[in-house]
Each structure stands twice: as structure tokens, then as C-alpha cells.
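Asks: Okay, so here is target05.cif, and as you'll see once you scroll down, it has mmCIF, C-alpha atoms and all ligand atoms.
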data_model
loop_
_atom_site.label_atom_id
_atom_site.label_comp_id
_atom_site.auth_asym_id
_atom_site.auth_seq_id
_atom_site.Cartn_x
_atom_site.Cartn_y
_atom_site.Cartn_z
CA MET A 1 -127.52 145.55 -44.25
CA ASN A 2 -128.61 145.56 -47.85
CA SER A 3 -132.38 146.03 -48.09
CA ASN A 4 -132.53 144.25 -51.44
CA SER A 5 -131.06 141.07 -50.04
CA ARG A 6 -133.38 141.30 -47.01
CA ASN A 7 -136.30 140.92 -49.40
CA SER A 8 -134.60 138.04 -51.12
CA ASN A 9 -136.45 134.81 -51.85
CA TYR A 10 -133.82 133.03 -49.81
CA ILE A 11 -133.67 132.98 -46.03
CA LEU A 12 -130.25 131.31 -46.05
CA GLU A 13 -127.40 131.39 -48.54
CA VAL A 14 -124.20 129.40 -48.15
CA ILE A 15 -121.57 130.62 -50.58
CA ASP A 16 -118.44 128.59 -51.38
CA VAL A 17 -117.85 127.54 -47.76
CA ARG A 18 -114.67 125.62 -46.99
CA LYS A 19 -113.60 124.01 -43.75
CA ARG A 20 -110.76 121.62 -42.99
CA PHE A 21 -109.70 119.82 -39.86
CA GLY A 22 -105.96 119.22 -40.22
CA GLY A 23 -105.66 117.02 -43.30
CA ILE A 24 -109.40 116.33 -43.58
CA ILE A 25 -111.34 118.52 -45.97
CA ALA A 26 -114.79 118.47 -44.37
CA LEU A 27 -116.33 121.17 -46.57
CA ASP A 28 -114.90 121.63 -50.03
CA GLY A 29 -116.69 124.69 -51.40
CA VAL A 30 -120.33 124.23 -50.42
CA ASN A 31 -123.04 126.27 -52.12
CA LEU A 32 -126.69 126.06 -51.22
CA LYS A 33 -129.73 128.28 -50.79
CA VAL A 34 -132.84 127.75 -48.69
CA LYS A 35 -136.03 129.38 -49.94
CA ARG A 36 -137.82 131.56 -47.41
CA GLY A 37 -140.67 129.57 -45.84
CA SER A 38 -139.53 126.25 -47.29
CA MET A 39 -138.79 122.92 -45.68
CA THR A 40 -135.50 121.86 -47.26
CA ALA A 41 -133.56 118.65 -46.67
CA LEU A 42 -129.83 118.01 -46.50
CA ILE A 43 -128.90 114.39 -47.15
CA GLY A 44 -125.73 112.45 -47.87
CA PRO A 45 -123.73 109.48 -46.62
CA ASN A 46 -122.00 109.44 -43.23
CA GLY A 47 -118.99 111.75 -43.14
CA SER A 48 -120.11 113.83 -46.13
CA GLY A 49 -119.98 117.06 -44.09
CA LYS A 50 -123.61 117.71 -43.14
CA THR A 51 -123.09 118.31 -39.42
CA THR A 52 -119.97 120.37 -40.08
CA LEU A 53 -122.00 122.58 -42.42
CA PHE A 54 -124.61 123.06 -39.67
CA ASN A 55 -121.81 123.98 -37.25
CA VAL A 56 -120.46 126.57 -39.67
CA ILE A 57 -123.92 128.05 -40.33
CA ALA A 58 -124.70 128.19 -36.58
CA GLY A 59 -121.36 129.79 -35.69
CA VAL A 60 -119.83 126.81 -33.85
CA TYR A 61 -117.00 126.72 -36.42
CA LYS A 62 -115.63 129.61 -38.45
CA PRO A 63 -115.27 128.62 -42.10
CA ASP A 64 -111.76 128.83 -43.59
CA SER A 65 -113.38 130.79 -46.42
CA GLY A 66 -116.82 131.48 -47.88
CA LYS A 67 -119.91 133.23 -46.58
CA VAL A 68 -123.14 132.55 -44.74
CA ILE A 69 -125.98 135.01 -45.38
CA PHE A 70 -129.04 134.74 -43.12
CA ASP A 71 -132.16 136.84 -43.74
CA GLY A 72 -130.16 139.38 -45.72
CA THR A 73 -127.34 139.69 -43.18
CA ASP A 74 -123.80 138.37 -43.52
CA ILE A 75 -123.45 136.31 -40.32
CA THR A 76 -120.14 134.63 -41.24
CA GLY A 77 -118.00 134.28 -38.12
CA TRP A 78 -120.68 135.55 -35.70
CA PRO A 79 -120.69 133.80 -32.30
CA PRO A 80 -123.40 131.14 -31.83
CA GLU A 81 -125.40 133.17 -29.25
CA LYS A 82 -125.69 136.14 -31.60
CA ILE A 83 -126.90 133.91 -34.45
CA TYR A 84 -129.38 132.21 -32.12
CA HIS A 85 -130.76 135.59 -31.00
CA ARG A 86 -131.04 136.68 -34.63
CA GLY A 87 -133.56 133.81 -35.02
CA LEU A 88 -131.47 131.03 -36.59
CA VAL A 89 -131.78 128.10 -34.19
CA ARG A 90 -130.18 124.66 -34.48
CA THR A 91 -130.76 121.39 -32.72
CA PHE A 92 -127.99 118.87 -32.18
CA GLN A 93 -127.59 115.33 -33.53
CA VAL A 94 -126.73 114.32 -29.96
CA PRO A 95 -129.19 116.22 -27.74
CA ARG A 96 -127.68 118.73 -25.33
CA MET A 97 -129.63 119.49 -22.20
CA PHE A 98 -129.30 120.08 -18.50
CA LYS A 99 -129.21 116.52 -17.15
CA ALA A 100 -129.99 117.53 -13.56
CA MET A 101 -133.16 119.37 -14.63
CA THR A 102 -136.57 117.97 -15.44
CA VAL A 103 -137.84 117.87 -19.01
CA PHE A 104 -140.20 120.78 -18.23
CA GLU A 105 -137.37 122.92 -16.81
CA ASN A 106 -135.23 122.16 -19.83
CA VAL A 107 -137.97 123.32 -22.18
CA LEU A 108 -138.69 126.45 -20.07
CA THR A 109 -135.08 127.63 -19.98
CA ALA A 110 -134.95 127.73 -23.77
CA ALA A 111 -137.51 130.57 -23.92
CA LYS A 112 -136.15 133.89 -25.10
CA GLY A 113 -136.59 136.80 -22.69
CA ASN A 114 -136.77 134.41 -19.76
CA PRO A 115 -136.33 136.94 -16.93
CA GLY A 116 -134.81 134.47 -14.51
CA GLU A 117 -134.19 134.96 -10.82
CA ARG A 118 -132.80 138.47 -10.84
CA PHE A 119 -136.20 140.02 -11.52
CA SER A 120 -138.15 138.12 -8.92
CA THR A 121 -137.88 140.85 -6.26
CA SER A 122 -138.21 143.86 -8.57
CA PRO A 123 -141.32 146.03 -8.99
CA LEU A 124 -141.71 144.39 -12.37
CA ARG A 125 -142.43 141.12 -10.63
CA LYS A 126 -146.13 141.05 -11.56
CA ILE A 127 -145.40 141.66 -15.21
CA TRP A 128 -142.73 138.99 -15.23
CA LYS A 129 -145.10 136.58 -13.50
CA ALA A 130 -147.56 137.04 -16.37
CA ILE A 131 -144.78 136.52 -18.90
CA GLU A 132 -143.61 133.42 -17.05
CA LEU A 133 -147.13 132.02 -17.11
CA LYS A 134 -147.33 132.58 -20.87
CA ILE A 135 -143.96 130.86 -21.31
CA ALA A 136 -145.09 127.92 -19.19
CA GLU A 137 -148.32 127.57 -21.20
CA LYS A 138 -146.36 127.60 -24.44
CA ALA A 139 -143.98 124.96 -23.07
CA VAL A 140 -146.93 122.74 -22.14
CA ASP A 141 -148.50 123.17 -25.60
CA ILE A 142 -145.25 122.23 -27.33
CA MET A 143 -144.64 119.23 -25.07
CA GLU A 144 -148.21 118.06 -25.68
CA LEU A 145 -147.80 118.36 -29.46
CA LEU A 146 -144.52 116.43 -29.33
CA LYS A 147 -146.03 113.80 -27.00
CA ILE A 148 -143.54 114.34 -24.17
CA LEU A 149 -145.94 115.96 -21.71
CA HIS A 150 -146.23 112.71 -19.74
CA VAL A 151 -142.48 112.83 -18.98
CA ALA A 152 -142.42 116.57 -18.17
CA ARG A 153 -141.61 115.94 -14.52
CA ASN A 154 -138.94 113.30 -15.21
CA LEU A 155 -135.28 114.15 -15.01
CA SER A 156 -134.05 114.68 -18.55
CA SER A 157 -131.35 112.05 -17.93
CA ALA A 158 -134.06 109.47 -17.24
CA ILE A 159 -135.92 109.47 -20.58
CA SER A 160 -135.36 107.51 -23.79
CA GLY A 161 -133.02 108.65 -26.57
CA GLY A 162 -135.99 109.36 -28.84
CA GLN A 163 -137.64 111.46 -26.13
CA MET A 164 -134.38 113.40 -25.69
CA LYS A 165 -134.51 114.28 -29.39
CA LEU A 166 -138.02 115.60 -28.86
CA VAL A 167 -136.97 117.67 -25.85
CA GLU A 168 -134.20 119.12 -28.00
CA LEU A 169 -136.77 120.00 -30.66
CA ALA A 170 -139.12 121.48 -28.03
CA ARG A 171 -136.28 123.71 -26.79
CA GLY A 172 -135.70 124.92 -30.33
CA LEU A 173 -139.38 125.75 -30.79
CA MET A 174 -139.52 127.69 -27.50
CA SER A 175 -137.11 130.27 -28.87
CA ASP A 176 -139.48 131.61 -31.60
CA PRO A 177 -137.13 130.83 -34.47
CA ILE A 178 -137.22 132.41 -37.92
CA MET A 179 -135.39 129.34 -39.18
CA LEU A 180 -134.62 125.93 -37.71
CA LEU A 181 -131.59 123.78 -38.50
CA LEU A 182 -132.58 120.27 -37.45
CA ASP A 183 -129.93 117.55 -37.24
CA GLU A 184 -131.79 114.23 -37.53
CA PRO A 185 -134.86 115.32 -35.55
CA ALA A 186 -136.44 111.86 -35.74
CA ALA A 187 -133.37 109.70 -35.12
CA GLY A 188 -134.01 106.87 -32.70
CA VAL A 189 -137.80 107.04 -32.83
CA ASN A 190 -140.07 104.47 -34.47
CA PRO A 191 -141.45 105.11 -37.99
CA THR A 192 -144.93 106.03 -36.74
CA LEU A 193 -143.55 108.69 -34.40
CA ALA A 194 -141.09 109.82 -37.08
CA HIS A 195 -144.05 110.50 -39.43
CA GLU A 196 -145.81 112.36 -36.62
CA ILE A 197 -142.75 114.51 -35.98
CA PHE A 198 -142.34 115.37 -39.66
CA GLY A 199 -146.07 116.02 -40.00
CA PHE A 200 -145.85 118.32 -36.99
CA LEU A 201 -142.84 120.14 -38.45
CA ARG A 202 -144.64 120.53 -41.75
CA ASN A 203 -147.67 122.11 -40.01
CA LEU A 204 -145.42 124.47 -38.12
CA ASN A 205 -143.68 125.36 -41.34
CA LYS A 206 -146.99 126.08 -43.11
CA GLU A 207 -148.80 127.81 -40.27
CA GLN A 208 -145.98 129.90 -38.82
CA GLY A 209 -143.79 130.18 -41.89
CA ILE A 210 -140.71 128.91 -40.05
CA SER A 211 -138.08 127.98 -42.64
CA MET A 212 -136.28 124.69 -42.04
CA LEU A 213 -133.15 122.90 -43.15
CA ILE A 214 -133.25 119.28 -42.03
CA ILE A 215 -130.63 116.54 -41.96
CA GLU A 216 -132.29 113.13 -42.02
CA HIS A 217 -131.20 109.62 -42.95
CA ARG A 218 -134.57 107.98 -43.49
CA LEU A 219 -135.30 109.22 -46.97
CA ASP A 220 -138.56 107.25 -47.31
CA ILE A 221 -140.02 109.30 -44.45
CA LEU A 222 -138.33 112.62 -45.27
CA PHE A 223 -139.37 112.75 -48.92
CA ASP A 224 -143.08 112.83 -48.05
CA TYR A 225 -142.67 116.19 -46.36
CA VAL A 226 -139.93 118.38 -47.83
CA ASP A 227 -140.05 120.85 -50.74
CA TYR A 228 -136.45 120.59 -51.87
CA VAL A 229 -133.38 118.44 -51.29
CA TYR A 230 -129.61 119.02 -51.33
CA VAL A 231 -127.29 116.03 -51.51
CA MET A 232 -123.76 116.19 -50.08
CA HIS A 233 -120.90 113.84 -50.82
CA ARG A 234 -117.28 114.24 -49.72
CA GLY A 235 -117.70 117.84 -48.61
CA LYS A 236 -119.57 119.04 -51.69
CA VAL A 237 -123.14 119.51 -52.85
CA VAL A 238 -123.42 117.00 -55.70
CA ALA A 239 -127.14 117.17 -56.49
CA GLU A 240 -130.25 119.21 -55.73
CA GLY A 241 -133.90 119.12 -56.67
CA THR A 242 -137.39 118.16 -55.61
CA PRO A 243 -137.72 114.79 -53.83
CA LYS A 244 -139.00 113.27 -57.08
CA GLU A 245 -136.02 114.58 -59.06
CA ILE A 246 -133.59 113.37 -56.40
CA VAL A 247 -135.02 109.84 -56.33
CA GLU A 248 -134.55 109.62 -60.11
CA ASN A 249 -131.11 111.27 -60.15
CA PRO A 250 -128.46 108.68 -61.21
CA VAL A 251 -125.70 110.54 -59.31
CA VAL A 252 -127.65 110.14 -56.07
CA VAL A 253 -128.50 106.51 -56.75
CA ASP A 254 -124.77 105.82 -57.35
CA ILE A 255 -123.73 107.47 -54.09
CA TYR A 256 -126.23 105.52 -52.03
CA LEU A 257 -125.57 102.19 -53.79
CA GLY A 258 -121.84 102.81 -53.31
CA GLU A 259 -122.51 103.05 -49.59
CA ALA A 260 -124.43 99.81 -49.35
N1 LIG A 301 -114.18 118.45 -34.96
C1 LIG A 301 -113.67 117.68 -35.94
N2 LIG A 301 -112.34 117.37 -35.97
C2 LIG A 301 -111.83 116.61 -36.94
N3 LIG A 301 -112.56 116.08 -37.96
C3 LIG A 301 -113.88 116.34 -37.97
C4 LIG A 301 -114.52 117.15 -36.97
N4 LIG A 301 -115.84 117.23 -37.26
C5 LIG A 301 -116.03 116.52 -38.38
N5 LIG A 301 -114.86 115.98 -38.81
C6 LIG A 301 -114.65 115.17 -40.03
O1 LIG A 301 -115.26 115.89 -41.09
C7 LIG A 301 -115.92 114.99 -41.99
C8 LIG A 301 -117.40 115.35 -42.09
O2 LIG A 301 -118.04 114.99 -40.86
P1 LIG A 301 -119.54 115.36 -40.51
O3 LIG A 301 -119.74 116.79 -40.86
O4 LIG A 301 -119.80 114.96 -39.11
O5 LIG A 301 -120.33 114.45 -41.54
P2 LIG A 301 -121.89 113.99 -41.54
O6 LIG A 301 -122.62 114.81 -40.54
O7 LIG A 301 -122.33 114.18 -42.95
O8 LIG A 301 -121.89 112.53 -41.18
C9 LIG A 301 -115.67 113.59 -41.47
O9 LIG A 301 -114.52 113.08 -42.11
C10 LIG A 301 -115.39 113.83 -40.01
O10 LIG A 301 -114.57 112.82 -39.47
MG MG A 302 -123.84 114.25 -38.87
#
Could the structure of this file be written out as C-alpha cells, please?
Replies:
Amino acid sequence: MNSNSRNSNYILEVIDVRKRFGGIIALDGVNLKVKRGSMTALIGPNGSGKTTLFNVIAGVYKPDSGKVIFDGTDITGWPPEKIYHRGLVRTFQVPRMFKAMTVFENVLTAAKGNPGERFSTSPLRKIWKAIELKIAEKAVDIMELLKILHVARNLSSAISGGQMKLVELARGLMSDPIMLLLDEPAAGVNPTLAHEIFGFLRNLNKEQGISMLIIEHRLDILFDYVDYVYVMHRGKVVAEGTPKEIVENPVVVDIYLGEA
């Protein structure tokens, strides 16, 4: 590891990343940087490559070429678990959870260092009990903040789509991330709750310094909260700037009018 890059202003650097699926060029040389401690947005029309970029950053897909640098380390091609344990945690556009478990169990199992069953008979049992209690308290706090505590005992298959998104977010927060990649964290929830979720994320970002890269479609909501915005179109970053600059950028206006 290079100690200079570790101290870099940027927590994440994507350098000329390319990815194709057969004849489809999903990522056509993407470059972007996320400032350490910032809340940065990734926007763009459907099919522009946003989710594919998240999958490459999180190790789900290997890029055909290019690099991903996280917190000073080249993580290109690392398996997803290793990237997750390094502190780069993503949530999915379509929530993934254990359907046969309750919401509470789903949130609990996302905790890092969860000792699980194998320790329950060991001499360390008392210590693990204390750790488990701490984990449970943290899970309750997070569920309360995200307003899903009242469904904690429900099966995760028996809650609304919006609530599933919140469980997904709660699972991400349980893992003590250095950086979160959030794929439409407020999709399927009403505007009031969407503002609450973004307000909550912003507090977390400010108080705990967790860096975030967020894909979101509802720009009117998003732009109240983020520091910086990247715009993708047809597998490329075509614009970047503060929310104010992006709103006034004719290239961006064209892309979105072209979609309408
Ligand atoms: N696993 C895959 N196999 C084939 N094509 C894919 C796959 N994933 C994404 N694509 C294609 O890559 C392009 C970008 O998709 P995606 O990254 O999901 O866009 P976005 O998230 O911006 O809507 C689209 O043309 C999509 O159909
Ligand atoms: Mg997507």
C-alpha cells in the first residue's frame, strides 16, 4: 500500500473502468472520485450503467480494464466479501435478505464479528453474550432511527417494498462501514419518508464521517442533501459538479429532456 495515497483526499477513485456484456458496452471508460467524508450522488437515465458501476466497485463484476482504488488500496478484482470486510459496503437496488427470518434477525446477522452458534458453548460465552447484547442494542437503535422497529418481529417477506429498502439500509449500517454505496435507498417510499431517510443519511455522514456514493432518481429530493454529483449517460460520466452546477448544466438538461 502506498502511504501517500492512503492520506489522499479521495476515499474512492474509479479510473477508466470498462465493462461489456457481450455486445453491450455497459461501462465505457468511467472516471470518478469520491471525496473522503462526502455524500456524493450518481445520477443518469435508466440503463446508463450506474448499477453496473456499483457492481464493479463492490467486486460483483471484474472490470474488463481500469482500476478501483478504495482508501488508498487497489481493490480491483477483489472478491465481494473481502471488499465488504475492508469497509466498503453496498446495498442493492432490489433488497436481498433472508426471507424466512424476521426483520430483527436480518439486521442482526449483518453485524461484523457476529460470533454465531459455534461459540455458544465455549469459555468465551460470557464475553460473547456481552458482545451480542451490544449488537442487539445497536440493531434496535438503527431500526428505531429508520422507523422499522414496529415491524422488527415480522417476517422480512411480509413487509412493504419501502420497508425492505430500509432493512437493507439497516443491514449496511450494522457493518460499521467506512463507505456506503447506496443503490436507490429511498425507492418506493413516499416523499416525506424519502426526506427523512436522506436527512438521516446526512446526519450519519456528518457525525460519523461515513463517505457515501448514492444512486437516486428523485433529483428534487437528492439535491437538498448531497455535496457533489456525477452524471452518467451511455456508460460514461458526462458531467460533474455541485447540485447547483448540475441543475444549470445544459448537457444534463438535454439528457433528461431527451428521456422525457
Ligand atoms: N448482467 C448483465 N448482463 C447483460 N447486460 C447487462 C447486465 N447488467 C447490466 N446490463 C446492461 O448494461 C447496461 C447498464 O445497465 P445498468 O448498469 O443496470 O444501468 P442503470 O443502473 O444506470 O439503470 C444496460 O444496457 C443493461 O441492460
Ligand atoms: Mg440501476
Asks: Mind checking which residues fall within 12 Å of A:Ala194, counting only C-alpha atoms, ignoring those fewer than 5 positions away in the same chain, and posting them as JSON, numbers by chain?
Replies: {"A": [146, 147, 162, 163, 165, 166, 184, 185, 186, 187, 188, 189, 199, 200, 201, 216, 217, 218, 219, 220, 221, 222, 224, 225]}
Asks: At what distance in Å, to one decimal, does atom CA of A:Lys62 lie from atom N1 of ligand LIG 301 (chain A)?
Replies: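 According to the coordinates, atom N1 of ligand LIG 301 (chain A) and atom CA of A:Lys62 are separated by 11.8 Å.
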Asks: Let me make sure I understand: among A:Gly49, A:Leu257, A:Met179, A:Ile148, which one has the smallest atom-to-atom distance to A:Ile83 if we use all atoms listed in the file?
Replies: A:Met179
Asks: Atom CA of A:Lys67 and atom CA of A:Val89, how far apart in Å?
Replies: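 Atom-to-atom, atom CA of A:Val89 to atom CA of A:Lys67, that is 17.9 Å.
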Asks: Within 10 Å of ligand LIG 301 (chain A), counting all atoms listed in the file: which residues, as number ranges by chain?
Replies: A: 19-27, 42-56, 61, 93, 183-184, 215-217, 232-235
Asks: Using C-alpha atoms, can you export the residues from the last selection as a short mmCIF file (atom, residue, chain, number, x, y, z; two decimals), in the coordinates of the input?
Replies:
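That gives us selection.cif:
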data_model
loop_
_atom_site.label_atom_id
_atom_site.label_comp_id
_atom_site.auth_asym_id
_atom_site.auth_seq_id
_atom_site.Cartn_x
_atom_site.Cartn_y
_atom_site.Cartn_z
CA LYS A 19 -113.60 124.01 -43.75
CA ARG A 20 -110.76 121.62 -42.99
CA PHE A 21 -109.70 119.82 -39.86
CA GLY A 22 -105.96 119.22 -40.22
CA GLY A 23 -105.66 117.02 -43.30
CA ILE A 24 -109.40 116.33 -43.58
CA ILE A 25 -111.34 118.52 -45.97
CA ALA A 26 -114.79 118.47 -44.37
CA LEU A 27 -116.33 121.17 -46.57
CA LEU A 42 -129.83 118.01 -46.50
CA ILE A 43 -128.90 114.39 -47.15
CA GLY A 44 -125.73 112.45 -47.87
CA PRO A 45 -123.73 109.48 -46.62
CA ASN A 46 -122.00 109.44 -43.23
CA GLY A 47 -118.99 111.75 -43.14
CA SER A 48 -120.11 113.83 -46.13
CA GLY A 49 -119.98 117.06 -44.09
CA LYS A 50 -123.61 117.71 -43.14
CA THR A 51 -123.09 118.31 -39.42
CA THR A 52 -119.97 120.37 -40.08
CA LEU A 53 -122.00 122.58 -42.42
CA PHE A 54 -124.61 123.06 -39.67
CA ASN A 55 -121.81 123.98 -37.25
CA VAL A 56 -120.46 126.57 -39.67
CA TYR A 61 -117.00 126.72 -36.42
CA GLN A 93 -127.59 115.33 -33.53
CA ASP A 183 -129.93 117.55 -37.24
CA GLU A 184 -131.79 114.23 -37.53
CA ILE A 215 -130.63 116.54 -41.96
CA GLU A 216 -132.29 113.13 -42.02
CA HIS A 217 -131.20 109.62 -42.95
CA MET A 232 -123.76 116.19 -50.08
CA HIS A 233 -120.90 113.84 -50.82
CA ARG A 234 -117.28 114.24 -49.72
CA GLY A 235 -117.70 117.84 -48.61
#
Asks: How many Å lie between atom CA of A:Val34 and atom CA of A:Leu145, rounded to one decimal?
Replies: 26.1 Å
Asks: At a cut-off of 9 Å, using all atoms listed in the file, what residues contact stretch 30-32 of chain A? Leave out same-chain residues fewer than 6 positions from it and give the result as a VMD selection string.
Replies: chain A and resid 12 to 18 53 66 230 232 235 to 237 240
Asks: Point out the residue among A:Trp78, A:Pro63, A:Ala170, A:Tyr10 with the least atom-to-atom distance to A:Gly29, counting only C-alpha atoms.
Replies: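 Ranked by minimum distance to A:Gly29, first place goes to A:Pro63.
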Asks: For ligand MG 302 (chain A), which residue out of A:Ile214, A:Lys33, A:Met143, A:Lys134 is the nearest one, using all atoms listed in the file?
Replies: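 Ranked by minimum distance to ligand MG 302 (chain A), first place goes to A:Ile214.
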Asks: Considering all atoms listed in the file, can you say which of A:Ile127, A:Val167, A:Val140, A:Leu182 comes closest to ligand MG 302 (chain A)?
Replies: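 Ranking A:Ile127, A:Val167, A:Val140, A:Leu182 by distance to ligand MG 302 (chain A), first place goes to A:Leu182.
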Asks: Go through A:Val247, A:Leu149, A:Val103, A:Leu88 one by one, measure the shortest atom-to-atom distance of each to A:Asp176 using all atoms listed in the file, and give the residue with the smallest value.
Replies: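 Among A:Val247, A:Leu149, A:Val103, A:Leu88, it is A:Leu88 that comes nearest to A:Asp176.
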Asks: Return as JSON the box centre and box size in Å, one decimal, for an axis-aligned box around all listed atoms of stretch 224-229 of chain A padded by 8 Å per side.
Replies:
{"center_x": -138.2, "center_y": 116.8, "center_z": -49.1, "size_x": 25.7, "size_y": 24.0, "size_z": 21.5}
Asks: Would you mind telling me which residue in A:Pro243, A:Phe92, A:Pro250, A:Ala152 lies nearest to ligand MG 302 (chain A) when using all atoms listed in the file?
Replies: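 For ligand MG 302 (chain A), the nearest of the candidates is A:Phe92.
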Asks: Will you model N, CA and C atoms for stretch 87-116 of chain A and pass it back as a PDB file, keeping the file's coordinate frame?
Replies:
ATOM      1  N   GLY A  87    -132.420 134.626 -34.615  1.00  0.00           N
ATOM      2  CA  GLY A  87    -133.560 133.810 -35.020  1.00  0.00           C
ATOM      3  C   GLY A  87    -133.213 132.554 -35.804  1.00  0.00           C
ATOM      4  N   LEU A  88    -131.905 132.261 -35.909  1.00  0.00           N
ATOM      5  CA  LEU A  88    -131.470 131.030 -36.590  1.00  0.00           C
ATOM      6  C   LEU A  88    -131.075 130.031 -35.516  1.00  0.00           C
ATOM      7  N   VAL A  89    -131.899 128.994 -35.339  1.00  0.00           N
ATOM      8  CA  VAL A  89    -131.780 128.100 -34.190  1.00  0.00           C
ATOM      9  C   VAL A  89    -131.494 126.686 -34.663  1.00  0.00           C
ATOM     10  N   ARG A  90    -130.483 126.028 -34.065  1.00  0.00           N
ATOM     11  CA  ARG A  90    -130.180 124.660 -34.480  1.00  0.00           C
ATOM     12  C   ARG A  90    -130.427 123.692 -33.336  1.00  0.00           C
ATOM     13  N   THR A  91    -130.735 122.446 -33.721  1.00  0.00           N
ATOM     14  CA  THR A  91    -130.760 121.390 -32.720  1.00  0.00           C
ATOM     15  C   THR A  91    -129.606 120.448 -33.033  1.00  0.00           C
ATOM     16  N   PHE A  92    -129.170 119.699 -32.031  1.00  0.00           N
ATOM     17  CA  PHE A  92    -127.990 118.870 -32.180  1.00  0.00           C
ATOM     18  C   PHE A  92    -128.333 117.421 -32.472  1.00  0.00           C
ATOM     19  N   GLN A  93    -127.423 116.758 -33.218  1.00  0.00           N
ATOM     20  CA  GLN A  93    -127.590 115.330 -33.530  1.00  0.00           C
ATOM     21  C   GLN A  93    -127.618 114.539 -32.213  1.00  0.00           C
ATOM     22  N   VAL A  94    -126.718 114.892 -31.308  1.00  0.00           N
ATOM     23  CA  VAL A  94    -126.730 114.320 -29.960  1.00  0.00           C
ATOM     24  C   VAL A  94    -127.296 115.402 -29.046  1.00  0.00           C
ATOM     25  N   PRO A  95    -128.511 115.155 -28.502  1.00  0.00           N
ATOM     26  CA  PRO A  95    -129.190 116.220 -27.740  1.00  0.00           C
ATOM     27  C   PRO A  95    -128.326 116.765 -26.599  1.00  0.00           C
ATOM     28  N   ARG A  96    -128.405 118.086 -26.421  1.00  0.00           N
ATOM     29  CA  ARG A  96    -127.680 118.730 -25.330  1.00  0.00           C
ATOM     30  C   ARG A  96    -128.706 119.333 -24.397  1.00  0.00           C
ATOM     31  N   MET A  97    -128.689 118.895 -23.151  1.00  0.00           N
ATOM     32  CA  MET A  97    -129.630 119.490 -22.200  1.00  0.00           C
ATOM     33  C   MET A  97    -129.062 119.410 -20.806  1.00  0.00           C
ATOM     34  N   PHE A  98    -129.747 120.079 -19.886  1.00  0.00           N
ATOM     35  CA  PHE A  98    -129.300 120.080 -18.500  1.00  0.00           C
ATOM     36  C   PHE A  98    -129.783 118.786 -17.852  1.00  0.00           C
ATOM     37  N   LYS A  99    -128.857 117.874 -17.622  1.00  0.00           N
ATOM     38  CA  LYS A  99    -129.210 116.520 -17.150  1.00  0.00           C
ATOM     39  C   LYS A  99    -129.851 116.536 -15.759  1.00  0.00           C
ATOM     40  N   ALA A 100    -129.471 117.493 -14.928  1.00  0.00           N
ATOM     41  CA  ALA A 100    -129.990 117.530 -13.560  1.00  0.00           C
ATOM     42  C   ALA A 100    -131.348 118.226 -13.473  1.00  0.00           C
ATOM     43  N   MET A 101    -131.847 118.706 -14.620  1.00  0.00           N
ATOM     44  CA  MET A 101    -133.160 119.370 -14.630  1.00  0.00           C
ATOM     45  C   MET A 101    -134.215 118.438 -15.189  1.00  0.00           C
ATOM     46  N   THR A 102    -135.475 118.736 -14.852  1.00  0.00           N
ATOM     47  CA  THR A 102    -136.570 117.970 -15.440  1.00  0.00           C
ATOM     48  C   THR A 102    -136.728 118.377 -16.907  1.00  0.00           C
ATOM     49  N   VAL A 103    -137.512 117.569 -17.622  1.00  0.00           N
ATOM     50  CA  VAL A 103    -137.840 117.870 -19.010  1.00  0.00           C
ATOM     51  C   VAL A 103    -138.498 119.253 -19.097  1.00  0.00           C
ATOM     52  N   PHE A 104    -139.472 119.504 -18.223  1.00  0.00           N
ATOM     53  CA  PHE A 104    -140.200 120.780 -18.230  1.00  0.00           C
ATOM     54  C   PHE A 104    -139.240 121.961 -18.028  1.00  0.00           C
ATOM     55  N   GLU A 105    -138.339 121.843 -17.060  1.00  0.00           N
ATOM     56  CA  GLU A 105    -137.370 122.920 -16.810  1.00  0.00           C
ATOM     57  C   GLU A 105    -136.465 123.146 -18.004  1.00  0.00           C
ATOM     58  N   ASN A 106    -136.071 122.045 -18.647  1.00  0.00           N
ATOM     59  CA  ASN A 106    -135.230 122.160 -19.830  1.00  0.00           C
ATOM     60  C   ASN A 106    -135.930 122.933 -20.942  1.00  0.00           C
ATOM     61  N   VAL A 107    -137.208 122.640 -21.127  1.00  0.00           N
ATOM     62  CA  VAL A 107    -137.970 123.320 -22.180  1.00  0.00           C
ATOM     63  C   VAL A 107    -138.161 124.805 -21.812  1.00  0.00           C
ATOM     64  N   LEU A 108    -138.480 125.064 -20.537  1.00  0.00           N
ATOM     65  CA  LEU A 108    -138.690 126.450 -20.070  1.00  0.00           C
ATOM     66  C   LEU A 108    -137.460 127.331 -20.268  1.00  0.00           C
ATOM     67  N   THR A 109    -136.286 126.790 -19.944  1.00  0.00           N
ATOM     68  CA  THR A 109    -135.080 127.630 -19.980  1.00  0.00           C
ATOM     69  C   THR A 109    -134.670 127.999 -21.396  1.00  0.00           C
ATOM     70  N   ALA A 110    -135.295 127.383 -22.383  1.00  0.00           N
ATOM     71  CA  ALA A 110    -134.950 127.730 -23.770  1.00  0.00           C
ATOM     72  C   ALA A 110    -135.723 128.951 -24.260  1.00  0.00           C
ATOM     73  N   ALA A 111    -136.696 129.429 -23.475  1.00  0.00           N
ATOM     74  CA  ALA A 111    -137.510 130.570 -23.920  1.00  0.00           C
ATOM     75  C   ALA A 111    -136.664 131.827 -23.963  1.00  0.00           C
ATOM     76  N   LYS A 112    -136.865 132.613 -25.009  1.00  0.00           N
ATOM     77  CA  LYS A 112    -136.150 133.890 -25.100  1.00  0.00           C
ATOM     78  C   LYS A 112    -136.813 134.884 -24.156  1.00  0.00           C
ATOM     79  N   GLY A 113    -136.029 135.790 -23.587  1.00  0.00           N
ATOM     80  CA  GLY A 113    -136.590 136.800 -22.690  1.00  0.00           C
ATOM     81  C   GLY A 113    -137.001 136.220 -21.355  1.00  0.00           C
ATOM     82  N   ASN A 114    -136.523 135.011 -21.062  1.00  0.00           N
ATOM     83  CA  ASN A 114    -136.770 134.410 -19.760  1.00  0.00           C
ATOM     84  C   ASN A 114    -136.113 135.293 -18.696  1.00  0.00           C
ATOM     85  N   PRO A 115    -136.905 135.943 -17.833  1.00  0.00           N
ATOM     86  CA  PRO A 115    -136.330 136.940 -16.930  1.00  0.00           C
ATOM     87  C   PRO A 115    -135.429 136.355 -15.851  1.00  0.00           C
ATOM     88  N   GLY A 116    -135.681 135.111 -15.487  1.00  0.00           N
ATOM     89  CA  GLY A 116    -134.810 134.470 -14.510  1.00  0.00           C
ATOM     90  C   GLY A 116    -134.964 135.054 -13.110  1.00  0.00           C
TER      91      GLY A 116
END
